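S.K.: This is the content of start.cif (mmCIF, C-alpha atoms):
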data_my_file
#
loop_
_atom_site.label_atom_id
_atom_site.label_comp_id
_atom_site.auth_asym_id
_atom_site.auth_seq_id
_atom_site.Cartn_x
_atom_site.Cartn_y
_atom_site.Cartn_z
CA MET A 1 0.00 0.00 0.00
CA THR A 2 1.40 3.38 -0.95
CA ASP A 3 1.29 6.40 1.25
CA ILE A 4 -1.63 8.75 0.51
CA LEU A 5 0.37 11.76 1.70
CA THR A 6 3.17 13.49 -0.15
CA LYS A 7 6.69 13.26 1.21
CA GLU A 8 6.45 16.82 2.56
CA GLN A 9 3.09 16.18 4.25
CA ARG A 10 4.38 12.97 5.85
CA SER A 11 7.51 14.76 7.03
CA CYS A 12 5.45 17.55 8.57
CA ARG A 13 3.26 15.05 10.45
CA MET A 14 6.21 13.06 11.73
CA LYS A 15 7.92 16.23 13.00
CA ALA A 16 4.77 17.10 14.97
CA ILE A 17 5.01 13.95 17.09
CA ARG A 18 6.16 14.98 20.53
CA GLY A 19 8.92 13.32 22.48
CA LYS A 20 8.28 15.04 25.82
CA ASP A 21 5.20 15.83 27.88
CA THR A 22 3.08 13.33 25.98
CA LYS A 23 -0.41 12.47 27.17
CA PRO A 24 0.63 9.10 28.68
CA GLU A 25 3.55 10.79 30.43
CA MET A 26 1.29 13.48 31.88
CA ILE A 27 -1.14 10.83 33.17
CA VAL A 28 1.66 9.09 35.08
CA ARG A 29 3.14 12.35 36.39
CA LYS A 30 -0.21 13.62 37.67
CA TYR A 31 -0.92 10.31 39.37
CA LEU A 32 2.46 10.17 41.11
CA PHE A 33 2.15 13.80 42.21
CA SER A 34 -1.34 13.13 43.62
CA LYS A 35 0.17 10.28 45.67
CA GLY A 36 2.67 12.70 47.21
CA LEU A 37 5.70 11.62 45.18
CA ARG A 38 8.02 14.32 43.94
CA TYR A 39 10.21 13.84 40.92
CA ARG A 40 12.33 15.39 38.22
CA VAL A 41 11.65 15.05 34.51
CA HIS A 42 14.01 14.38 31.59
CA MET A 43 17.27 14.54 33.57
CA LYS A 44 20.03 15.03 31.02
CA GLN A 45 22.63 13.67 33.43
CA LEU A 46 21.16 10.15 33.30
CA GLN A 47 21.51 7.69 30.43
CA GLY A 48 18.47 7.76 28.15
CA ARG A 49 17.07 10.94 29.72
CA PRO A 50 14.30 9.17 31.72
CA ASP A 51 10.79 10.62 31.58
CA ILE A 52 10.51 10.60 35.39
CA VAL A 53 13.26 10.40 38.01
CA LEU A 54 12.48 9.70 41.66
CA LYS A 55 15.82 10.29 43.40
CA LYS A 56 14.47 9.45 46.86
CA TYR A 57 13.48 6.01 45.61
CA LYS A 58 16.47 5.62 43.26
CA THR A 59 13.93 4.88 40.51
CA VAL A 60 13.60 6.03 36.91
CA ILE A 61 10.50 5.62 34.78
CA PHE A 62 10.26 5.52 31.01
CA ILE A 63 6.82 5.84 29.39
CA ASP A 64 7.26 4.08 26.06
CA GLY A 65 5.07 4.48 23.00
CA CYS A 66 4.05 1.08 21.66
CA PHE A 67 4.92 2.00 18.07
CA TRP A 68 8.27 3.70 18.64
CA HIS A 69 9.59 1.09 21.08
CA GLY A 70 8.20 -1.99 19.33
CA HIS A 71 5.77 -3.37 21.92
CA ASP A 72 5.52 -7.00 20.77
CA GLY A 73 2.01 -8.44 20.77
CA CYS A 74 0.38 -5.01 21.10
CA LYS A 75 -2.41 -4.04 18.73
CA TYR A 76 -0.98 -0.51 18.50
CA PHE A 77 2.35 -1.73 17.14
CA LYS A 78 2.38 -2.42 13.43
CA ILE A 79 5.24 -1.81 11.03
CA PRO A 80 4.05 0.60 8.32
CA LYS A 81 3.75 -0.91 4.83
CA SER A 82 5.60 1.97 3.19
CA ASN A 83 9.36 1.98 3.69
CA GLU A 84 9.10 -1.24 5.71
CA LEU A 85 12.83 -1.97 5.90
CA PHE A 86 13.54 1.49 7.35
CA TRP A 87 10.91 1.05 10.06
CA GLN A 88 12.09 -2.45 10.97
CA GLN A 89 15.64 -1.18 11.43
CA LYS A 90 14.50 1.90 13.35
CA ILE A 91 12.35 -0.11 15.80
CA LYS A 92 15.10 -2.72 16.20
CA PHE A 93 17.60 0.06 17.01
CA ASN A 94 15.19 1.64 19.52
CA LYS A 95 14.72 -1.70 21.29
CA ALA A 96 18.47 -2.28 21.48
CA ARG A 97 19.00 1.24 22.81
CA ASP A 98 16.33 0.65 25.49
CA ILE A 99 18.07 -2.55 26.64
CA ALA A 100 21.46 -0.79 26.78
CA THR A 101 19.97 2.15 28.68
CA ASP A 102 18.33 -0.17 31.23
CA TYR A 103 21.62 -1.99 31.74
CA VAL A 104 23.64 1.19 32.32
CA LEU A 105 21.11 2.63 34.76
CA GLN A 106 20.81 -0.65 36.69
CA THR A 107 24.58 -0.93 37.03
CA GLN A 108 24.50 2.59 38.49
CA GLY A 109 22.03 1.37 41.11
CA TRP A 110 18.80 2.73 39.62
CA ASN A 111 15.54 0.78 39.55
CA VAL A 112 14.26 1.01 35.98
CA ILE A 113 10.53 0.83 35.28
CA ARG A 114 9.04 0.92 31.80
CA VAL A 115 5.35 1.71 31.28
CA TRP A 116 3.71 0.98 27.93
CA GLU A 117 1.41 3.55 26.36
CA CYS A 118 -1.29 0.90 25.76
CA ASP A 119 -1.45 0.20 29.50
CA LEU A 120 -2.73 3.73 30.05
CA ARG A 121 -5.43 3.82 27.35
CA THR A 122 -8.50 2.34 29.07
CA ASP A 123 -9.66 3.43 32.53
CA LYS A 124 -9.54 -0.07 34.02
CA LYS A 125 -6.08 -0.91 32.68
CA ARG A 126 -4.80 2.58 33.58
CA LYS A 127 -5.90 2.21 37.20
CA GLU A 128 -4.24 -1.22 37.49
CA THR A 129 -1.05 0.01 35.85
CA LEU A 130 -0.75 3.14 37.97
CA GLU A 131 -1.41 1.27 41.23
CA SER A 132 1.14 -1.37 40.27
CA LEU A 133 3.65 1.36 39.38
CA TYR A 134 3.12 3.10 42.73
CA ASN A 135 3.60 -0.18 44.63
CA GLN A 136 6.77 -0.94 42.66
CA ILE A 137 8.19 2.46 43.57
CA LEU A 138 7.39 2.04 47.25
CA SER A 139 8.81 -1.48 47.37
CA SER A 140 12.04 -0.28 45.75
CA ARG A 141 12.37 2.26 48.61
CA LYS A 142 11.90 -0.44 51.26
CA TYR A 143 14.57 -2.56 49.60
CA SER A 144 16.87 0.43 49.41
CA GLU A 145 16.28 1.28 53.10
CA LEU A 146 16.96 -2.32 54.13
CA SER A 147 20.23 -2.47 52.23
CA GLU A 148 21.33 0.88 53.71
CA LEU A 149 20.39 -0.33 57.19
CA SER A 150 22.43 -3.51 56.86
CA ILE A 151 25.40 -1.52 55.59
CA SER A 152 25.28 0.89 58.53
CA MET A 153 24.90 -2.01 61.00
CA VAL A 154 27.98 -3.69 59.61
CA ALA A 155 29.90 -0.42 59.86
CA GLU A 156 29.18 0.11 63.59
CA SER A 157 32.10 -0.31 65.93
CA ASN A 158 32.21 -3.24 68.32
CA GLU A 159 32.69 -0.89 71.30
CA SER A 160 28.97 -0.12 71.50
CA TYR A 161 28.30 -3.77 72.40
CA ARG A 162 30.66 -3.96 75.39
#
Output the file's structure as structure tokens, nothing else.
M.R.:
Amino acid sequence: MTDILTKEQRSCRMKAIRGKDTKPEMIVRKYLFSKGLRYRVHMKQLQGRPDIVLKKYKTVIFIDGCFWHGHDGCKYFKIPKSNELFWQQKIKFNKARDIATDYVLQTQGWNVIRVWECDLRTDKKRKETLESLYNQILSSRKYSELSELSISMVAESNESYR
């Protein structure tokens, strides 16, 4: 199937697609803020420039579009028929970059959470996803606190026990 738009029209439409402050991203940010969590957005200092950074919880969140990040098995992810080879390579590269980004952030001690755009589309699925996300964030804090506690306990001097 050929594209019904001219090259210039297609280019204009593709340029209009936003990379920041997307609707799914705003849904997640508003939810987290309403739960009392404070965060930074698009921190340039971190690999992959995460959509949301919760320093207190040592957690980063990426809200991934199903098309751009190749969400396998999702009804919103279909390779376009025009210029198919280009799109296959682009999506493959994006997936590889996501894996590399996750690895770097995890080796730096960050908890990496990825939320798919399709999980925020319907009210029921959105509620489940956001509650699960919130619980994941809180559980990562408990783990972090436990590991810090065990480190400080090991570092105490023996004199306090005499």
S.K.: Report as a compact mmCIF listing (two decimals) with C-alpha atoms, in the frame of the given file the residues that result from applying the PyMOL selection byres ((chain A and resi 46-52) around 7) to the structure here.
M.R.:
# COMPACT_ATOMS: atom_id res chain seq x y z
CA TYR A 39 10.21 13.84 40.92
CA ARG A 40 12.33 15.39 38.22
CA VAL A 41 11.65 15.05 34.51
CA HIS A 42 14.01 14.38 31.59
CA MET A 43 17.27 14.54 33.57
CA LYS A 44 20.03 15.03 31.02
CA GLN A 45 22.63 13.67 33.43
CA VAL A 53 13.26 10.40 38.01
CA LEU A 54 12.48 9.70 41.66
CA VAL A 60 13.60 6.03 36.91
CA ILE A 61 10.50 5.62 34.78
CA PHE A 62 10.26 5.52 31.01
CA ILE A 63 6.82 5.84 29.39
CA THR A 101 19.97 2.15 28.68
CA LEU A 105 21.11 2.63 34.76
S.K.: Using Å and a single decimal, report how far CA of Asn111 (chain A) sits from CA of Asp98 (chain A).
M.R.: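 Atom-to-atom, CA of Asp98 (chain A) to CA of Asn111 (chain A), that is 14.1 Å.
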S.K.: May I have the residues within 12 Å of region 76-93 of chain A as a list of chain:residue names, using all atoms listed in the file and disregarding those fewer than 4 positions away in the same chain?
M.R.: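 So, after excluding close chain neighbours, the residues are A:Met1, A:Thr2, A:Asp3, A:Ile4, A:Leu5, A:Lys7, A:Arg10, A:Asp64, A:Gly65, A:Cys66, A:Phe67, A:Trp68, A:His69, A:Gly70, A:His71, A:Asp72, A:Arg97, A:Asp98, A:Ile99, A:Ala100, A:Trp116, A:Glu117, A:Cys118, A:Asp119, A:Arg121.
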S.K.: One decimal, Å: what's the distance from CA of Asp102 (chain A) over to CA of Phe33 (chain A), could you say?
M.R.: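 Here the two named atoms are 24.0 Å from each other.
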S.K.: Taking into account all atoms listed in the file, which residue in the set A:Lys75, A:Arg114, A:Arg38, A:Lys23 is nearest to Thr129 (chain A)?
M.R.: A:Arg114
S.K.: Can you work out which one of A:Gly73, A:Asn94, A:Gly109, A:Leu37 has the shortest atom-to-atom distance to Asn135 (chain A), counting all atoms listed in the file?
M.R.: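 Under the stated criterion, the closest residue is A:Leu37.
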S.K.: Taking only C-alpha atoms into account, name the residue in A:Gln106, A:Thr122, A:Ser132, A:Gln9 that is nearest to Tyr31 (chain A).
M.R.: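 For Tyr31 (chain A), the nearest of the given residues is A:Ser132.
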S.K.: Which value, in Å to one decimal, gives the distance between CA of Arg126 (chain A) and CA of Arg29 (chain A)?
M.R.: 12.9 Å
S.K.: Have a look at A:Asp21, A:Thr107, A:Leu32, A:Lys58 and name the one nearest to Ser139 (chain A); count only C-alpha atoms.
M.R.: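 Comparing A:Asp21, A:Thr107, A:Leu32, A:Lys58 against Ser139 (chain A), the winner is A:Lys58.
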S.K.: Counting all atoms listed in the file, which residue out of A:Thr22, A:Tyr103, A:Ser140, A:Leu130 sits closest to Val115 (chain A)?
M.R.: A:Leu130
S.K.: Under the rule that all atoms listed in the file are counted, which of A:Met26, A:Ala96, A:Cys12, A:Ile113 is the nearest residue to Ile137 (chain A)?
M.R.: A:Ile113
